[in-house]
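Next comes query.cif, a file with mmCIF, N, CA and C atoms.
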```
data_my_file
loop_
_atom_site.label_atom_id
_atom_site.label_comp_id
_atom_site.auth_asym_id
_atom_site.auth_seq_id
_atom_site.Cartn_x
_atom_site.Cartn_y
_atom_site.Cartn_z
N MET Q 1 27.68 1.67 32.03
CA MET Q 1 26.96 1.84 30.77
C MET Q 1 25.53 2.29 31.05
N GLN Q 2 25.05 3.14 30.17
CA GLN Q 2 23.67 3.60 30.30
C GLN Q 2 22.80 2.87 29.28
N PRO Q 3 21.58 2.51 29.68
CA PRO Q 3 20.69 1.86 28.71
C PRO Q 3 20.32 2.84 27.60
N PRO Q 4 20.05 2.34 26.40
CA PRO Q 4 19.68 3.23 25.30
C PRO Q 4 18.35 3.92 25.58
N LYS Q 5 18.23 5.12 25.07
CA LYS Q 5 16.99 5.87 25.25
C LYS Q 5 15.92 5.31 24.32
N PRO Q 6 14.66 5.29 24.76
CA PRO Q 6 13.60 4.80 23.88
C PRO Q 6 13.46 5.71 22.66
N ILE Q 7 13.13 5.12 21.55
CA ILE Q 7 12.96 5.87 20.30
C ILE Q 7 11.52 6.33 20.19
N ASP Q 8 11.35 7.62 19.93
CA ASP Q 8 10.01 8.18 19.76
C ASP Q 8 9.72 8.27 18.26
N ASN Q 9 8.82 7.43 17.77
CA ASN Q 9 8.49 7.45 16.34
C ASN Q 9 7.10 8.02 16.08
N SER Q 10 6.54 8.75 17.03
CA SER Q 10 5.20 9.30 16.85
C SER Q 10 5.18 10.35 15.74
N THR Q 11 6.28 11.08 15.57
CA THR Q 11 6.34 12.09 14.51
C THR Q 11 6.27 11.41 13.14
N ASP Q 12 6.99 10.30 12.98
CA ASP Q 12 6.97 9.58 11.70
C ASP Q 12 5.59 9.05 11.38
N SER Q 13 4.90 8.53 12.39
CA SER Q 13 3.59 7.92 12.11
C SER Q 13 2.56 8.97 11.70
N LYS Q 14 2.75 10.22 12.12
CA LYS Q 14 1.81 11.27 11.72
C LYS Q 14 2.02 11.67 10.26
N MET Q 15 3.21 11.41 9.72
CA MET Q 15 3.51 11.81 8.35
C MET Q 15 2.99 10.80 7.33
N ILE Q 16 2.73 9.58 7.77
CA ILE Q 16 2.29 8.53 6.85
C ILE Q 16 0.80 8.72 6.57
N GLU Q 17 0.47 8.92 5.29
CA GLU Q 17 -0.92 9.05 4.90
C GLU Q 17 -1.36 7.76 4.21
N PRO Q 18 -2.55 7.29 4.52
CA PRO Q 18 -3.01 6.08 3.83
C PRO Q 18 -3.21 6.36 2.35
N LEU Q 19 -2.83 5.40 1.52
CA LEU Q 19 -2.98 5.56 0.08
C LEU Q 19 -4.42 5.26 -0.32
N VAL Q 20 -5.05 6.21 -0.98
CA VAL Q 20 -6.42 6.03 -1.46
C VAL Q 20 -6.34 5.97 -2.98
N PRO Q 21 -6.52 4.78 -3.55
CA PRO Q 21 -6.38 4.66 -5.00
C PRO Q 21 -7.51 5.36 -5.75
N ASN Q 22 -7.19 5.79 -6.93
CA ASN Q 22 -8.14 6.44 -7.82
C ASN Q 22 -9.19 5.40 -8.23
N PRO Q 23 -10.49 5.69 -8.16
CA PRO Q 23 -11.51 4.69 -8.52
C PRO Q 23 -11.35 4.14 -9.93
N GLU Q 24 -10.92 4.99 -10.88
CA GLU Q 24 -10.73 4.51 -12.25
C GLU Q 24 -9.60 3.48 -12.30
N VAL Q 25 -8.55 3.72 -11.54
CA VAL Q 25 -7.42 2.79 -11.52
C VAL Q 25 -7.85 1.46 -10.92
N VAL Q 26 -8.64 1.51 -9.85
CA VAL Q 26 -9.11 0.27 -9.22
C VAL Q 26 -9.97 -0.52 -10.20
N GLU Q 27 -10.85 0.18 -10.92
CA GLU Q 27 -11.70 -0.51 -11.88
C GLU Q 27 -10.88 -1.17 -12.99
N GLU Q 28 -9.86 -0.46 -13.46
CA GLU Q 28 -8.99 -1.01 -14.51
C GLU Q 28 -8.23 -2.23 -14.00
N MET Q 29 -7.74 -2.16 -12.77
CA MET Q 29 -7.01 -3.30 -12.20
C MET Q 29 -7.91 -4.51 -12.04
N LEU Q 30 -9.14 -4.30 -11.60
CA LEU Q 30 -10.07 -5.42 -11.44
C LEU Q 30 -10.40 -6.03 -12.80
N GLY Q 31 -10.55 -5.19 -13.82
CA GLY Q 31 -10.80 -5.70 -15.17
C GLY Q 31 -9.64 -6.53 -15.67
N MET Q 32 -8.42 -6.06 -15.41
CA MET Q 32 -7.24 -6.81 -15.84
C MET Q 32 -7.15 -8.15 -15.11
N ALA Q 33 -7.52 -8.16 -13.84
CA ALA Q 33 -7.49 -9.41 -13.07
C ALA Q 33 -8.52 -10.40 -13.61
N ASP Q 34 -9.70 -9.91 -13.97
CA ASP Q 34 -10.72 -10.80 -14.54
C ASP Q 34 -10.25 -11.39 -15.86
N ARG Q 35 -9.62 -10.55 -16.70
CA ARG Q 35 -9.13 -11.05 -17.99
C ARG Q 35 -8.03 -12.09 -17.76
N ALA Q 36 -7.16 -11.85 -16.78
CA ALA Q 36 -6.07 -12.78 -16.51
C ALA Q 36 -6.60 -14.12 -16.03
N LYS Q 37 -7.71 -14.12 -15.30
CA LYS Q 37 -8.30 -15.37 -14.83
C LYS Q 37 -8.81 -16.21 -16.01
N ASN Q 38 -9.26 -15.53 -17.07
CA ASN Q 38 -9.85 -16.24 -18.19
C ASN Q 38 -8.82 -16.68 -19.23
N GLU Q 39 -7.58 -16.19 -19.12
CA GLU Q 39 -6.56 -16.57 -20.09
C GLU Q 39 -6.00 -17.93 -19.75
N PRO Q 40 -5.71 -18.72 -20.78
CA PRO Q 40 -5.10 -20.03 -20.50
C PRO Q 40 -3.65 -19.88 -20.02
N GLU Q 41 -3.23 -20.81 -19.17
CA GLU Q 41 -1.84 -20.76 -18.71
C GLU Q 41 -0.93 -21.29 -19.78
N VAL Q 42 0.26 -20.72 -19.86
CA VAL Q 42 1.22 -21.12 -20.90
C VAL Q 42 2.16 -22.14 -20.35
#
```
Would you put the structure from the file into C-alpha coordinates?
Amino acid sequence: MQPPKPIDNSTDSKMIEPLVPNPEVVEEMLGMADRAKNEPEV
(Lines of atoms letter the chains of each structure in order from A and count residues from 1; the text may use other names and numbers.)
(Lines give C-alpha, C1' and ligand atoms only; values in the text may rest on other atoms or scores of the structure.)
Protein backbone atom coordinates (compact mmCIF):
# COMPACT_ATOMS: atom_id res chain seq x y z
CA MET A 1 0.00 0.00 0.00
CA GLN A 2 1.12 3.51 -0.74
CA PRO A 3 0.55 6.34 1.75
CA PRO A 4 -1.95 8.98 0.60
CA LYS A 5 -0.54 12.02 -1.13
CA PRO A 6 -0.65 15.28 0.84
CA ILE A 7 -3.49 17.59 -0.13
CA ASP A 8 -2.49 20.98 -1.50
CA ASN A 9 -5.13 23.54 -0.48
CA SER A 10 -3.10 26.67 -1.26
CA THR A 11 -5.24 27.36 -4.34
CA ASP A 12 -8.42 27.33 -2.25
CA SER A 13 -7.00 29.69 0.35
CA LYS A 14 -6.15 32.26 -2.34
CA MET A 15 -9.78 32.31 -3.49
CA ILE A 16 -11.19 33.17 -0.06
CA GLU A 17 -11.65 36.92 0.32
CA PRO A 18 -12.27 38.43 3.73
CA LEU A 19 -15.78 39.83 4.07
CA VAL A 20 -15.78 43.59 4.57
CA PRO A 21 -19.23 44.68 5.73
CA ASN A 22 -20.83 47.84 4.44
CA PRO A 23 -20.44 50.63 7.08
CA GLU A 24 -24.16 51.44 6.88
CA VAL A 25 -25.04 47.82 7.58
CA VAL A 26 -22.69 47.71 10.56
CA GLU A 27 -24.24 50.88 11.97
CA GLU A 28 -27.75 49.47 11.55
CA MET A 29 -26.78 46.20 13.24
CA LEU A 30 -25.23 48.03 16.19
CA GLY A 31 -28.38 50.13 16.53
CA MET A 32 -30.54 47.02 16.52
CA ALA A 33 -28.33 45.43 19.18
CA ASP A 34 -28.64 48.52 21.40
CA ARG A 35 -32.43 48.49 21.04
CA ALA A 36 -32.53 44.77 21.85
CA LYS A 37 -30.55 45.36 25.05
CA ASN A 38 -33.14 47.89 26.20
CA GLU A 39 -36.19 45.72 25.47
CA PRO A 40 -37.66 43.73 28.33
CA GLU A 41 -37.41 39.96 28.14
CA VAL A 42 -40.64 38.10 27.49
| said: Run DSSP on the backbone and tell me which residues of chain Q come out as helix (DSSP H, G or I); list them as a PyMOL selection string. | reply: chain Q and resi 10-15+23-38
| request: Please indicate the distance in Å from atom C of Leu19 in chain Q to atom C of Asn38 in chain Q, rounded to one decimal place. | output: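 About the pair atom C of Leu19 in chain Q and atom C of Asn38 in chain Q: they are 29.3 Å apart.
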| query | What is the atom C of Val20 in chain Q-atom N of Asp34 in chain Q distance in Å, reported with one decimal? | reply |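 So the two atoms, atom C of Val20 in chain Q and atom N of Asp34 in chain Q, lie 19.6 Å apart.
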